[in-house]
file data_19.cif (mmCIF, C-alpha atoms)
data_coords
#
loop_
_atom_site.group_PDB
_atom_site.id
_atom_site.type_symbol
_atom_site.label_atom_id
_atom_site.label_comp_id
_atom_site.auth_asym_id
_atom_site.auth_seq_id
_atom_site.Cartn_x
_atom_site.Cartn_y
_atom_site.Cartn_z
ATOM 1 C CA MET A 46 -55.853 -24.065 32.643
ATOM 2 C CA ARG A 47 -57.453 -24.633 29.217
ATOM 3 C CA HIS A 48 -58.166 -20.931 28.907
ATOM 4 C CA GLY A 49 -54.472 -20.161 29.556
ATOM 5 C CA ARG A 50 -53.280 -22.639 26.937
ATOM 6 C CA GLY A 51 -55.618 -21.178 24.320
ATOM 7 C CA GLN A 52 -54.331 -17.696 25.043
ATOM 8 C CA THR A 53 -50.713 -18.820 24.646
ATOM 9 C CA ILE A 54 -51.473 -20.410 21.269
ATOM 10 C CA VAL A 55 -53.214 -17.248 20.033
ATOM 11 C CA GLU A 56 -50.358 -15.040 21.285
ATOM 12 C CA PHE A 57 -47.819 -17.309 19.608
ATOM 13 C CA ALA A 58 -49.746 -17.233 16.316
ATOM 14 C CA VAL A 59 -50.012 -13.439 16.430
ATOM 15 C CA LEU A 60 -46.288 -13.036 17.130
ATOM 16 C CA LEU A 61 -45.131 -15.552 14.511
ATOM 17 C CA GLY A 62 -45.734 -13.126 11.616
ATOM 18 C CA PRO A 63 -43.738 -10.193 13.048
ATOM 19 C CA ILE A 64 -40.950 -12.530 14.207
ATOM 20 C CA PHE A 65 -40.488 -14.007 10.724
ATOM 21 C CA LEU A 66 -40.770 -10.544 9.198
ATOM 22 C CA SER A 67 -37.998 -9.317 11.537
ATOM 23 C CA ILE A 68 -35.758 -12.239 10.605
ATOM 24 C CA PHE A 69 -36.366 -11.734 6.857
ATOM 25 C CA SER A 70 -35.844 -7.972 7.161
ATOM 26 C CA THR A 71 -32.484 -8.506 8.877
ATOM 27 C CA MET A 72 -31.483 -10.988 6.162
ATOM 28 C CA ALA A 73 -32.559 -8.465 3.490
ATOM 29 C CA ILE A 74 -30.367 -5.761 5.074
ATOM 30 C CA MET A 75 -27.369 -8.113 5.165
ATOM 31 C CA LEU A 76 -27.982 -9.088 1.536
ATOM 32 C CA HIS A 77 -28.189 -5.398 0.653
ATOM 33 C CA ALA A 78 -24.839 -4.737 2.396
ATOM 34 C CA TRP A 79 -23.251 -7.487 0.283
ATOM 35 C CA GLU A 80 -24.842 -6.138 -2.923
ATOM 36 C CA GLU A 81 -23.490 -2.684 -2.067
ATOM 37 C CA GLU A 82 -19.985 -4.058 -1.654
ATOM 38 C CA VAL A 83 -20.181 -5.836 -5.006
ATOM 39 C CA ALA A 84 -21.536 -2.617 -6.568
ATOM 40 C CA ILE A 85 -18.506 -0.625 -5.306
ATOM 41 C CA ASN A 86 -16.167 -3.209 -6.816
ATOM 42 C CA ALA A 87 -18.140 -3.163 -10.067
ATOM 43 C CA ALA A 88 -17.905 0.652 -10.256
ATOM 44 C CA VAL A 89 -14.137 0.537 -9.600
ATOM 45 C CA ARG A 90 -13.537 -2.165 -12.237
ATOM 46 C CA THR A 91 -15.696 -0.298 -14.755
ATOM 47 C CA ALA A 92 -13.848 2.977 -14.162
ATOM 48 C CA GLN A 93 -10.471 1.227 -14.340
ATOM 49 C CA TYR A 94 -11.282 -0.216 -17.742
ATOM 50 C CA ALA A 95 -12.886 3.004 -19.010
ATOM 51 C CA ALA A 96 -9.752 4.938 -17.969
ATOM 52 C CA THR A 97 -7.684 3.011 -20.525
ATOM 53 C CA ALA A 98 -9.578 4.586 -23.431
ATOM 54 C CA ASP A 99 -8.049 6.968 -25.925
ATOM 55 C CA PRO A 100 -8.133 10.268 -23.981
ATOM 56 C CA THR A 101 -8.794 12.265 -27.126
ATOM 57 C CA ALA A 102 -11.888 10.260 -27.986
ATOM 58 C CA LEU A 103 -13.595 8.061 -25.404
ATOM 59 C CA ASP A 104 -15.627 6.007 -27.818
ATOM 60 C CA GLN A 105 -18.970 4.282 -27.416
ATOM 61 C CA ASP A 106 -17.486 0.782 -27.883
ATOM 62 C CA HIS A 107 -14.894 1.222 -25.147
ATOM 63 C CA ALA A 108 -17.480 2.625 -22.744
ATOM 64 C CA ARG A 109 -19.772 -0.304 -23.578
ATOM 65 C CA GLN A 110 -16.960 -2.805 -22.853
ATOM 66 C CA ALA A 111 -16.302 -1.055 -19.537
ATOM 67 C CA GLY A 112 -20.000 -1.276 -18.713
ATOM 68 C CA LEU A 113 -20.031 -4.991 -19.554
ATOM 69 C CA ILE A 114 -17.180 -5.564 -17.083
ATOM 70 C CA GLY A 115 -19.336 -3.893 -14.446
ATOM 71 C CA GLN A 116 -22.287 -6.025 -15.476
ATOM 72 C CA GLN A 117 -20.230 -9.231 -15.175
ATOM 73 C CA THR A 118 -19.046 -8.201 -11.716
ATOM 74 C CA LEU A 119 -22.580 -7.474 -10.573
ATOM 75 C CA GLN A 120 -24.230 -10.566 -12.064
ATOM 76 C CA PRO A 121 -23.471 -13.112 -9.299
ATOM 77 C CA ALA A 122 -24.786 -10.812 -6.557
ATOM 78 C CA MET A 123 -27.909 -9.351 -8.151
ATOM 79 C CA PHE A 124 -30.375 -12.227 -7.966
ATOM 80 C CA ALA A 125 -33.397 -11.893 -10.252
ATOM 81 C CA SER A 126 -32.423 -8.337 -11.240
ATOM 82 C CA ARG A 127 -31.958 -6.791 -14.682
ATOM 83 C CA ILE A 128 -28.542 -5.156 -15.136
ATOM 84 C CA GLN A 129 -28.609 -2.564 -17.903
ATOM 85 C CA VAL A 130 -25.511 -0.919 -19.362
ATOM 86 C CA GLN A 131 -26.467 2.617 -20.335
ATOM 87 C CA PRO A 132 -25.058 4.256 -23.486
ATOM 88 C CA MET A 133 -21.939 6.369 -22.949
ATOM 89 C CA ASP A 134 -22.451 9.769 -21.305
ATOM 90 C CA VAL A 135 -25.986 8.928 -20.155
ATOM 91 C CA ARG A 136 -25.984 9.596 -16.426
ATOM 92 C CA CYS A 137 -27.763 7.331 -13.961
ATOM 93 C CA GLY A 138 -30.366 9.974 -13.193
ATOM 94 C CA GLY A 139 -33.630 9.398 -11.403
ATOM 95 C CA VAL A 140 -34.797 6.312 -9.591
ATOM 96 C CA PRO A 141 -34.542 3.014 -11.485
ATOM 97 C CA PRO A 142 -37.548 0.686 -11.456
ATOM 98 C CA ASP A 143 -37.696 -2.125 -8.912
ATOM 99 C CA GLY A 144 -35.394 -5.024 -9.828
ATOM 100 C CA THR A 145 -33.241 -2.953 -12.197
ATOM 101 C CA VAL A 146 -29.602 -1.900 -11.834
ATOM 102 C CA TRP A 147 -27.946 0.584 -14.218
ATOM 103 C CA VAL A 148 -24.265 0.805 -15.092
ATOM 104 C CA CYS A 149 -23.364 4.255 -16.456
ATOM 105 C CA VAL A 150 -20.052 5.475 -17.884
ATOM 106 C CA THR A 151 -19.642 9.211 -18.418
ATOM 107 C CA HIS A 152 -16.814 11.417 -19.572
ATOM 108 C CA GLU A 153 -16.078 14.199 -17.065
ATOM 109 C CA PRO A 154 -14.113 17.431 -17.441
ATOM 110 C CA GLY A 155 -10.401 17.218 -16.614
ATOM 111 C CA SER A 156 -9.763 13.925 -18.466
ATOM 112 C CA LEU A 157 -11.822 11.959 -15.965
ATOM 113 C CA VAL A 158 -14.220 9.058 -16.424
ATOM 114 C CA ARG A 159 -17.003 8.339 -13.990
ATOM 115 C CA ALA A 160 -18.557 4.920 -13.529
ATOM 116 C CA GLU A 161 -21.772 4.692 -11.583
ATOM 117 C CA VAL A 162 -23.742 1.653 -10.465
ATOM 118 C CA LYS A 163 -27.216 2.625 -9.404
ATOM 119 C CA GLY A 164 -30.290 0.538 -8.901
ATOM 120 C CA ARG A 165 -32.786 -1.266 -6.803
ATOM 121 C CA PRO A 166 -31.971 -4.999 -6.857
ATOM 122 C CA ALA A 167 -34.990 -7.271 -6.678
ATOM 123 C CA SER A 168 -36.220 -7.893 -3.170
ATOM 124 C CA LEU A 169 -36.232 -11.643 -2.534
ATOM 125 C CA LEU A 170 -37.754 -11.753 0.922
ATOM 126 C CA PRO A 171 -40.858 -10.291 2.548
ATOM 127 C CA THR A 172 -39.776 -7.314 4.672
ATOM 128 C CA PHE A 173 -41.262 -4.514 6.767
ATOM 129 C CA TRP A 174 -40.834 -2.170 3.805
ATOM 130 C CA ASN A 175 -42.456 -2.621 0.398
ATOM 131 C CA SER A 176 -39.898 -1.542 -2.202
ATOM 132 C CA SER A 177 -36.343 -2.811 -2.664
ATOM 133 C CA LEU A 178 -33.391 -0.902 -1.197
ATOM 134 C CA MET A 179 -31.349 1.457 -3.347
ATOM 135 C CA ILE A 180 -27.667 1.079 -4.172
ATOM 136 C CA ASP A 181 -25.677 3.946 -5.666
ATOM 137 C CA GLU A 182 -21.899 3.671 -6.016
ATOM 138 C CA VAL A 183 -19.434 5.790 -7.982
ATOM 139 C CA ALA A 184 -15.798 5.464 -9.018
ATOM 140 C CA VAL A 185 -13.830 8.152 -10.837
ATOM 141 C CA GLY A 186 -10.701 7.437 -12.851
ATOM 142 C CA HIS A 187 -8.171 9.556 -14.710
ATOM 143 C CA LEU A 188 -7.780 8.742 -18.393
ATOM 144 C CA GLN A 189 -4.443 7.306 -19.458
ATOM 145 C CA THR A 190 -2.436 9.764 -21.526
ATOM 146 C CA PHE A 191 -0.939 7.138 -23.824
ATOM 147 C CA GLN A 192 -1.159 7.944 -27.500
ATOM 148 C CA ARG A 193 -1.320 5.510 -30.352
ATOM 149 C CA MET B 512 -58.929 -14.870 47.300
ATOM 150 C CA ILE B 513 -59.947 -12.138 44.808
ATOM 151 C CA ALA B 514 -57.379 -9.728 46.290
ATOM 152 C CA HIS B 515 -54.679 -12.367 45.830
ATOM 153 C CA VAL B 516 -55.584 -12.896 42.139
ATOM 154 C CA VAL B 517 -55.597 -9.143 41.444
ATOM 155 C CA ALA B 518 -52.156 -8.735 43.060
ATOM 156 C CA ARG B 519 -50.717 -11.591 41.000
ATOM 157 C CA SER B 520 -52.207 -10.161 37.802
ATOM 158 C CA ARG B 521 -50.644 -6.753 38.489
ATOM 159 C CA ARG B 522 -47.302 -8.331 39.260
ATOM 160 C CA GLN B 523 -47.398 -10.229 35.943
ATOM 161 C CA GLU B 524 -48.300 -7.038 34.081
ATOM 162 C CA GLY B 525 -45.284 -5.275 35.579
ATOM 163 C CA GLN B 526 -43.035 -8.189 34.679
ATOM 164 C CA SER B 527 -44.307 -8.204 31.085
ATOM 165 C CA LEU B 528 -43.591 -4.488 30.802
ATOM 166 C CA ILE B 529 -40.020 -4.930 32.041
ATOM 167 C CA GLN B 530 -39.475 -7.867 29.685
ATOM 168 C CA PHE B 531 -40.841 -5.857 26.778
ATOM 169 C CA GLY B 532 -38.535 -2.949 27.656
ATOM 170 C CA ILE B 533 -35.473 -5.202 27.795
ATOM 171 C CA ILE B 534 -36.333 -6.896 24.481
ATOM 172 C CA LEU B 535 -37.017 -3.549 22.771
ATOM 173 C CA PHE B 536 -33.695 -2.151 23.985
ATOM 174 C CA ALA B 537 -31.877 -5.292 22.796
ATOM 175 C CA ILE B 538 -33.528 -5.089 19.351
ATOM 176 C CA ILE B 539 -32.621 -1.387 18.919
ATOM 177 C CA PHE B 540 -29.064 -2.079 20.140
ATOM 178 C CA LEU B 541 -28.611 -4.960 17.694
ATOM 179 C CA ALA B 542 -30.115 -2.972 14.792
ATOM 180 C CA LEU B 543 -27.724 -0.055 15.418
ATOM 181 C CA LEU B 544 -24.807 -2.454 15.789
ATOM 182 C CA ALA B 545 -25.664 -4.086 12.447
ATOM 183 C CA ASP B 546 -25.992 -0.648 10.824
ATOM 184 C CA GLY B 547 -22.596 0.403 12.191
ATOM 185 C CA ILE B 548 -20.932 -2.773 10.938
ATOM 186 C CA ALA B 549 -22.544 -2.331 7.504
ATOM 187 C CA MET B 550 -21.245 1.281 7.348
ATOM 188 C CA LEU B 551 -17.723 0.200 8.328
ATOM 189 C CA ASN B 552 -17.784 -2.610 5.788
ATOM 190 C CA ALA B 553 -18.937 -0.322 2.968
ATOM 191 C CA GLY B 554 -16.369 2.266 4.100
ATOM 192 C CA VAL B 555 -13.490 -0.225 3.878
ATOM 193 C CA THR B 556 -14.498 -1.260 0.339
ATOM 194 C CA THR B 557 -15.005 2.345 -0.793
ATOM 195 C CA VAL B 558 -11.678 3.627 0.591
ATOM 196 C CA ASP B 559 -9.912 0.619 -0.913
ATOM 197 C CA GLY B 560 -11.497 1.288 -4.321
ATOM 198 C CA ALA B 561 -10.797 5.032 -4.155
ATOM 199 C CA VAL B 562 -7.102 4.458 -3.380
ATOM 200 C CA GLN B 563 -6.874 2.018 -6.289
ATOM 201 C CA MET B 564 -8.381 4.678 -8.572
ATOM 202 C CA ALA B 565 -5.955 7.276 -7.164
ATOM 203 C CA VAL B 566 -2.817 5.222 -7.742
ATOM 204 C CA LEU B 567 -3.994 4.339 -11.233
ATOM 205 C CA GLY B 568 -4.506 8.052 -11.866
ATOM 206 C CA ALA B 569 -0.961 8.835 -10.701
ATOM 207 C CA GLY B 570 0.384 6.321 -13.209
ATOM 208 C CA SER B 571 -1.808 7.599 -16.032
ATOM 209 C CA VAL B 572 0.221 10.766 -16.627
ATOM 210 C CA PRO B 573 3.679 10.976 -18.234
ATOM 211 C CA ALA B 574 6.688 10.004 -16.088
ATOM 212 C CA ASP B 575 8.699 12.725 -14.301
ATOM 213 C CA ASP B 576 5.634 14.926 -13.804
ATOM 214 C CA GLY B 577 4.913 14.766 -10.092
ATOM 215 C CA ALA B 578 2.427 17.657 -10.060
ATOM 216 C CA ALA B 579 0.280 16.162 -12.809
ATOM 217 C CA GLY B 580 0.485 12.737 -11.157
ATOM 218 C CA TYR B 581 -0.678 14.087 -7.830
ATOM 219 C CA ASP B 582 -3.477 16.115 -9.456
ATOM 220 C CA ALA B 583 -4.731 13.038 -11.330
ATOM 221 C CA ALA B 584 -4.558 10.883 -8.189
ATOM 222 C CA ASN B 585 -6.332 13.540 -6.156
ATOM 223 C CA ALA B 586 -9.075 14.017 -8.768
ATOM 224 C CA ALA B 587 -9.784 10.269 -8.787
ATOM 225 C CA TRP B 588 -9.678 10.086 -4.976
ATOM 226 C CA THR B 589 -11.985 13.040 -4.307
ATOM 227 C CA GLY B 590 -14.297 12.135 -7.200
ATOM 228 C CA THR B 591 -14.826 8.640 -5.831
ATOM 229 C CA MET B 592 -15.070 9.641 -2.170
ATOM 230 C CA SER B 593 -17.311 12.689 -2.589
ATOM 231 C CA HIS B 594 -20.275 10.481 -3.453
ATOM 232 C CA HIS B 595 -20.553 9.288 0.145
ATOM 233 C CA SER B 596 -21.543 11.973 2.632
ATOM 234 C CA TRP B 597 -20.899 9.661 5.593
ATOM 235 C CA LEU B 598 -17.205 9.297 4.691
ATOM 236 C CA ILE B 599 -14.831 12.159 5.567
ATOM 237 C CA PRO B 600 -11.738 11.709 3.381
ATOM 238 C CA ASP B 601 -8.298 12.937 4.491
ATOM 239 C CA SER B 602 -6.118 14.596 1.887
ATOM 240 C CA LEU B 603 -3.818 12.306 -0.070
ATOM 241 C CA PRO B 604 -0.098 12.401 0.801
ATOM 242 C CA GLN B 605 2.240 13.890 -1.810
ATOM 243 C CA SER B 606 3.853 10.466 -2.230
ATOM 244 C CA CYS B 607 0.740 9.443 -4.198
ATOM 245 C CA GLY B 608 2.128 11.511 -7.105
ATOM 246 C CA GLY B 609 5.061 9.116 -7.445
ATOM 247 C CA PRO B 610 8.078 7.795 -5.512
ATOM 248 C CA ARG B 611 10.630 10.333 -6.825
ATOM 249 C CA ASP B 612 11.876 13.091 -4.560
ATOM 250 C CA PRO B 613 9.615 16.172 -4.844
ATOM 251 C CA SER B 614 12.721 18.409 -4.867
ATOM 252 C CA VAL B 615 13.566 17.018 -8.329
ATOM 253 C CA GLY B 616 10.028 17.359 -9.639
ATOM 254 C CA GLY B 617 8.510 14.251 -8.083
ATOM 255 C CA GLY B 618 6.580 11.780 -10.193
ATOM 256 C CA TYR B 619 7.998 8.424 -11.190
ATOM 257 C CA ASP B 620 10.596 6.920 -13.448
ATOM 258 C CA PRO B 621 9.324 4.413 -16.024
ATOM 259 C CA GLY B 622 9.032 1.023 -14.315
ATOM 260 C CA ASP B 623 8.701 2.453 -10.789
ATOM 261 C CA VAL B 624 6.096 1.198 -8.365
ATOM 262 C CA ILE B 625 3.814 3.973 -7.120
ATOM 263 C CA THR B 626 2.517 3.412 -3.612
ATOM 264 C CA CYS B 627 -0.441 5.442 -2.415
ATOM 265 C CA ALA B 628 -2.050 5.415 1.022
ATOM 266 C CA GLY B 629 -5.409 7.030 1.637
ATOM 267 C CA SER B 630 -7.548 7.321 4.717
ATOM 268 C CA ALA B 631 -11.024 8.464 5.652
ATOM 269 C CA GLN B 632 -13.173 8.699 8.732
ATOM 270 C CA VAL B 633 -16.491 6.899 8.900
ATOM 271 C CA ASN B 634 -18.865 9.467 10.342
ATOM 272 C CA LEU B 635 -20.610 7.139 12.785
ATOM 273 C CA ARG B 636 -21.257 9.979 15.230
ATOM 274 C CA GLY B 637 -23.127 11.957 12.590
ATOM 275 C CA SER B 638 -25.356 9.017 11.688
ATOM 276 C CA ILE B 639 -28.108 7.199 13.549
ATOM 277 C CA VAL B 640 -25.396 4.911 14.948
ATOM 278 C CA GLY B 641 -24.235 7.970 16.949
ATOM 279 C CA MET B 642 -26.996 7.108 19.443
ATOM 280 C CA LEU B 643 -24.823 4.169 20.429
ATOM 281 C CA TRP B 644 -21.293 5.168 19.336
ATOM 282 C CA ARG B 645 -19.750 7.558 21.891
ATOM 283 C CA PHE B 646 -16.140 7.309 20.716
ATOM 284 C CA PRO B 647 -14.235 9.272 18.027
ATOM 285 C CA ASN B 648 -15.105 8.316 14.454
ATOM 286 C CA PRO B 649 -13.071 5.291 13.280
ATOM 287 C CA THR B 650 -10.481 5.876 10.577
ATOM 288 C CA ILE B 651 -10.076 3.507 7.657
ATOM 289 C CA ARG B 652 -6.761 3.263 5.851
ATOM 290 C CA ALA B 653 -5.956 1.573 2.578
ATOM 291 C CA VAL B 654 -2.792 1.222 0.511
ATOM 292 C CA ALA B 655 -2.564 0.495 -3.214
ATOM 293 C CA ARG B 656 0.448 -0.101 -5.446
ATOM 294 C CA TYR B 657 0.773 0.345 -9.176
ATOM 295 C CA GLN B 658 3.585 -0.922 -11.369
ATOM 296 C CA THR B 659 4.187 1.667 -14.074
ATOM 297 C CA SER B 660 5.229 0.682 -17.561
ATOM 298 C CA ARG B 661 8.963 0.516 -18.293
ATOM 299 C CA PHE B 662 8.187 2.014 -21.704
ATOM 300 C CA ARG B 663 6.246 5.027 -20.414
ATOM 301 C CA SER B 664 7.156 8.335 -22.028
ATOM 302 C CA SER B 665 8.062 11.369 -19.956
#
call {"tool": "encode", "arguments": {"input": "data_19.cif", "output": "C-alpha cells"}}
result
Amino acid sequence: MRHGRGQTIVEFAVLLGPIFLSIFSTMAIMLHAWEEEVAINAAVRTAQYAATADPTALDQDHARQAGLIGQQTLQPAMFASRIQVQPMDVRCGGVPPDGTVWVCVTHEPGSLVRAEVKGRPASLLPTFWNSSLMIDEVAVGHLQTFQR
Amino acid sequence: MIAHVVARSRRQEGQSLIQFGIILFAIIFLALLADGIAMLNAGVTTVDGAVQMAVLGAGSVPADDGAAGYDAANAAWTGTMSHHSWLIPDSLPQSCGGPRDPSVGGGYDPGDVITCAGSAQVNLRGSIVGMLWRFPNPTIRAVARYQTSRFRSS
C-alpha cells in the first residue's frame, strides 16, 4: 500500500513538468495567433498611410510616419518586445533577433508601397521550443495619384 | 496467488496502453484543431486587409478610368495575398474597379462609393491540418467600401 502511494507521488511529480509545459505551450501558440492578427492590421494601417504620400516622391518623413502608425498598432500586443521602424526602402530581410519586431516601408515598382511587419516577439512563457515564434505580415497599397 | 498477481499486472499494463493511446490521439486532435482555427482566423484578417487595400487602390486613380482602377486594386490585392502560401486567392471581380458600367469605361464618378468583394481559399488540405480535414478547403469572403472624394479629378 505504502509502496503504491510512493509510486503515485513520483509519477505525479514527473508528469507535472510536461503538463505545465503543454499548457504554457498552448497559451504561447494562442498568444502568437493574436500577435499575428495585430501584425496584419498594423501592416494594413501602415500601407494605407504610406499610400497617401506624394507619388512622385515618397519621402523619408512620410514613410517614417507610416511606420510609427504600425508601431502604435503593434505596441499593445507585443509585450516586452522592441518595435523598430526601419528607414524607408530598407526591406525586412533576414531573421530579427529574439524580442524584436521590425516595421518596414518600401517603394515598389508600379506606384506601389509595401509595408511589412516582421519579427520574433518576446516569448513570455516557458515552452517546448527555445526561441520565440516568427511573425511576418505584408500589405501592399497603390499610391494616391493626387497632385499638390 | 503468484499467477493471479501476474495476470492483474498484465491487465493493468494493457489498460495503461489503451489509455495512453486515447490521450495521445486526443492531444493530436486538439492540436490540429487549434492549428486549423488559427489558420482560419489569420485568413479572415488577411483577406479583410487585402480587400481594404484593393478598394483603396481602386480609389487612388483618377475618376472615370475603370481599367487603371481595376489594375491598382488587383496589384494591391495580389501583392498582399501573395505573401501567404497557404491562402489561394480568387481573382477580383471587375466591379472592384468602380461602380460605373464597364461599357462606358467603368471606374467611378467623384463621390461614388466603390464596393469590392474578394475571396480566398484557406488551403487546410495542403497543410498539416489536412490529416484531420477531409472536406473541401473553406472559402473566406470579405467586402470593403470606399467613399471617393467629391473633388477627385478625372
call {"tool": "resolve_selection", "arguments": {"input": "data_19.cif", "expression": "the PyMOL selection byres ((chain B) within 10 of (chain A))", "output": "ChimeraX atom specification"}}
result
/B:538,542,545-546,548-550,552-561,563-573,580,582-595,663-664
call {"tool": "atom_distance", "arguments": {"input": "data_19.cif", "atom1": "atom CA of B:Ala579", "atom2": "atom CA of B:Gly608"}}
result
7.6 Å
call {"tool": "closest_residue", "arguments": {"input": "data_19.cif", "among": "B:Thr626, B:Gly641, B:Val615, B:Cys607", "to": "B:Leu544", "atoms": "all atoms listed in the file"}}
result
B:Gly641
call {"tool": "residues_around", "arguments": {"input": "data_19.cif", "residues": "stretch 129-146 of chain A", "least_positions_apart": "4", "cutoff": "8 Å", "atoms": "only C-alpha atoms", "output": "ChimeraX atom specification"}}
result
/A:104-105,108-109,112-113,116,125,150-152,161-168,176-177
call {"tool": "atom_distance", "arguments": {"input": "data_19.cif", "atom1": "atom CA of A:Ala111", "atom2": "atom CA of B:Ala653"}}
result
24.6 Å
call {"tool": "atom_distance", "arguments": {"input": "data_19.cif", "atom1": "atom CA of A:Thr172", "atom2": "atom CA of A:Glu56"}}
result
21.2 Å
call {"tool": "residues_around", "arguments": {"input": "data_19.cif", "residues": "B:Arg636", "least_positions_apart": "6", "cutoff": "10 Å", "atoms": "all atoms listed in the file", "output": "mmCIF file with C-alpha atoms, in the coordinates of the input"}}
result
data_model
loop_
_atom_site.group_PDB
_atom_site.id
_atom_site.type_symbol
_atom_site.label_atom_id
_atom_site.label_comp_id
_atom_site.auth_asym_id
_atom_site.auth_seq_id
_atom_site.Cartn_x
_atom_site.Cartn_y
_atom_site.Cartn_z
ATOM 1 C CA TRP B 597 -20.899 9.661 5.593
ATOM 2 C CA MET B 642 -26.996 7.108 19.443
ATOM 3 C CA LEU B 643 -24.823 4.169 20.429
ATOM 4 C CA TRP B 644 -21.293 5.168 19.336
ATOM 5 C CA ARG B 645 -19.750 7.558 21.891
ATOM 6 C CA PHE B 646 -16.140 7.309 20.716
ATOM 7 C CA PRO B 647 -14.235 9.272 18.027
ATOM 8 C CA ASN B 648 -15.105 8.316 14.454
ATOM 9 C CA PRO B 649 -13.071 5.291 13.280
#
call {"tool": "residues_around", "arguments": {"input": "data_19.cif", "residues": "B:Gly617", "least_positions_apart": "6", "cutoff": "10 Å", "atoms": "only C-alpha atoms", "output": "compact mmCIF listing (two decimals) with C-alpha atoms, keeping the file's coordinate frame"}}
result
# COMPACT_ATOMS: atom_id res chain seq x y z
CA ALA B 574 6.69 10.00 -16.09
CA ASP B 575 8.70 12.72 -14.30
CA ASP B 576 5.63 14.93 -13.80
CA GLY B 577 4.91 14.77 -10.09
CA ALA B 578 2.43 17.66 -10.06
CA ALA B 579 0.28 16.16 -12.81
CA GLY B 580 0.48 12.74 -11.16
CA TYR B 581 -0.68 14.09 -7.83
CA GLN B 605 2.24 13.89 -1.81
CA SER B 606 3.85 10.47 -2.23
CA CYS B 607 0.74 9.44 -4.20
CA GLY B 608 2.13 11.51 -7.10
CA GLY B 609 5.06 9.12 -7.44
CA PRO B 610 8.08 7.80 -5.51
CA ARG B 611 10.63 10.33 -6.82
call {"tool": "closest_residue", "arguments": {"input": "data_19.cif", "among": "A:Ile64, A:Tyr94, A:Thr53, A:Gln120", "to": "A:Asp106", "atoms": "only C-alpha atoms"}}
result
A:Tyr94
call {"tool": "build_atoms", "arguments": {"input": "data_19.cif", "residues": "stretch 123-135 of chain A", "atoms": "N, CA, C and O atoms", "output": "PDB file, in the frame of the given file"}}
result
ATOM      1  N   MET A 123     -26.595  -9.979  -7.934  1.00  0.00           N
ATOM      2  CA  MET A 123     -27.909  -9.351  -8.151  1.00  0.00           C
ATOM      3  C   MET A 123     -28.917 -10.409  -8.601  1.00  0.00           C
ATOM      4  O   MET A 123     -29.203 -10.552  -9.791  1.00  0.00           O
ATOM      5  N   PHE A 124     -29.435 -11.146  -7.651  1.00  0.00           N
ATOM      6  CA  PHE A 124     -30.375 -12.227  -7.966  1.00  0.00           C
ATOM      7  C   PHE A 124     -31.665 -11.648  -8.549  1.00  0.00           C
ATOM      8  O   PHE A 124     -32.231 -10.705  -8.007  1.00  0.00           O
ATOM      9  N   ALA A 125     -32.102 -12.230  -9.638  1.00  0.00           N
ATOM     10  CA  ALA A 125     -33.397 -11.893 -10.252  1.00  0.00           C
ATOM     11  C   ALA A 125     -33.523 -10.412 -10.602  1.00  0.00           C
ATOM     12  O   ALA A 125     -34.614  -9.858 -10.619  1.00  0.00           O
ATOM     13  N   SER A 126     -32.385  -9.764 -10.866  1.00  0.00           N
ATOM     14  CA  SER A 126     -32.423  -8.337 -11.240  1.00  0.00           C
ATOM     15  C   SER A 126     -31.929  -8.166 -12.672  1.00  0.00           C
ATOM     16  O   SER A 126     -31.094  -8.932 -13.147  1.00  0.00           O
ATOM     17  N   ARG A 127     -32.441  -7.122 -13.340  1.00  0.00           N
ATOM     18  CA  ARG A 127     -31.958  -6.791 -14.682  1.00  0.00           C
ATOM     19  C   ARG A 127     -30.806  -5.805 -14.536  1.00  0.00           C
ATOM     20  O   ARG A 127     -30.964  -4.780 -13.866  1.00  0.00           O
ATOM     21  N   ILE A 128     -29.677  -6.092 -15.184  1.00  0.00           N
ATOM     22  CA  ILE A 128     -28.542  -5.156 -15.136  1.00  0.00           C
ATOM     23  C   ILE A 128     -28.417  -4.536 -16.516  1.00  0.00           C
ATOM     24  O   ILE A 128     -28.167  -5.243 -17.495  1.00  0.00           O
ATOM     25  N   GLN A 129     -28.613  -3.240 -16.605  1.00  0.00           N
ATOM     26  CA  GLN A 129     -28.609  -2.564 -17.903  1.00  0.00           C
ATOM     27  C   GLN A 129     -27.402  -1.637 -18.014  1.00  0.00           C
ATOM     28  O   GLN A 129     -27.185  -0.791 -17.134  1.00  0.00           O
ATOM     29  N   VAL A 130     -26.639  -1.818 -19.095  1.00  0.00           N
ATOM     30  CA  VAL A 130     -25.511  -0.919 -19.362  1.00  0.00           C
ATOM     31  C   VAL A 130     -26.053   0.247 -20.189  1.00  0.00           C
ATOM     32  O   VAL A 130     -26.577   0.046 -21.293  1.00  0.00           O
ATOM     33  N   GLN A 131     -25.941   1.429 -19.650  1.00  0.00           N
ATOM     34  CA  GLN A 131     -26.467   2.617 -20.335  1.00  0.00           C
ATOM     35  C   GLN A 131     -25.487   3.073 -21.427  1.00  0.00           C
ATOM     36  O   GLN A 131     -24.281   2.836 -21.309  1.00  0.00           O
ATOM     37  N   PRO A 132     -25.977   3.731 -22.471  1.00  0.00           N
ATOM     38  CA  PRO A 132     -25.058   4.256 -23.486  1.00  0.00           C
ATOM     39  C   PRO A 132     -24.100   5.278 -22.858  1.00  0.00           C
ATOM     40  O   PRO A 132     -24.427   5.871 -21.826  1.00  0.00           O
ATOM     41  N   MET A 133     -22.948   5.460 -23.489  1.00  0.00           N
ATOM     42  CA  MET A 133     -21.939   6.369 -22.949  1.00  0.00           C
ATOM     43  C   MET A 133     -22.509   7.772 -22.734  1.00  0.00           C
ATOM     44  O   MET A 133     -23.327   8.247 -23.526  1.00  0.00           O
ATOM     45  N   ASP A 134     -22.082   8.400 -21.670  1.00  0.00           N
ATOM     46  CA  ASP A 134     -22.451   9.769 -21.305  1.00  0.00           C
ATOM     47  C   ASP A 134     -23.926   9.947 -20.935  1.00  0.00           C
ATOM     48  O   ASP A 134     -24.408  11.075 -20.869  1.00  0.00           O
ATOM     49  N   VAL A 135     -24.620   8.836 -20.708  1.00  0.00           N
ATOM     50  CA  VAL A 135     -25.986   8.928 -20.155  1.00  0.00           C
ATOM     51  C   VAL A 135     -25.864   8.678 -18.657  1.00  0.00           C
ATOM     52  O   VAL A 135     -25.454   7.604 -18.227  1.00  0.00           O
TER      53      VAL A 135
END
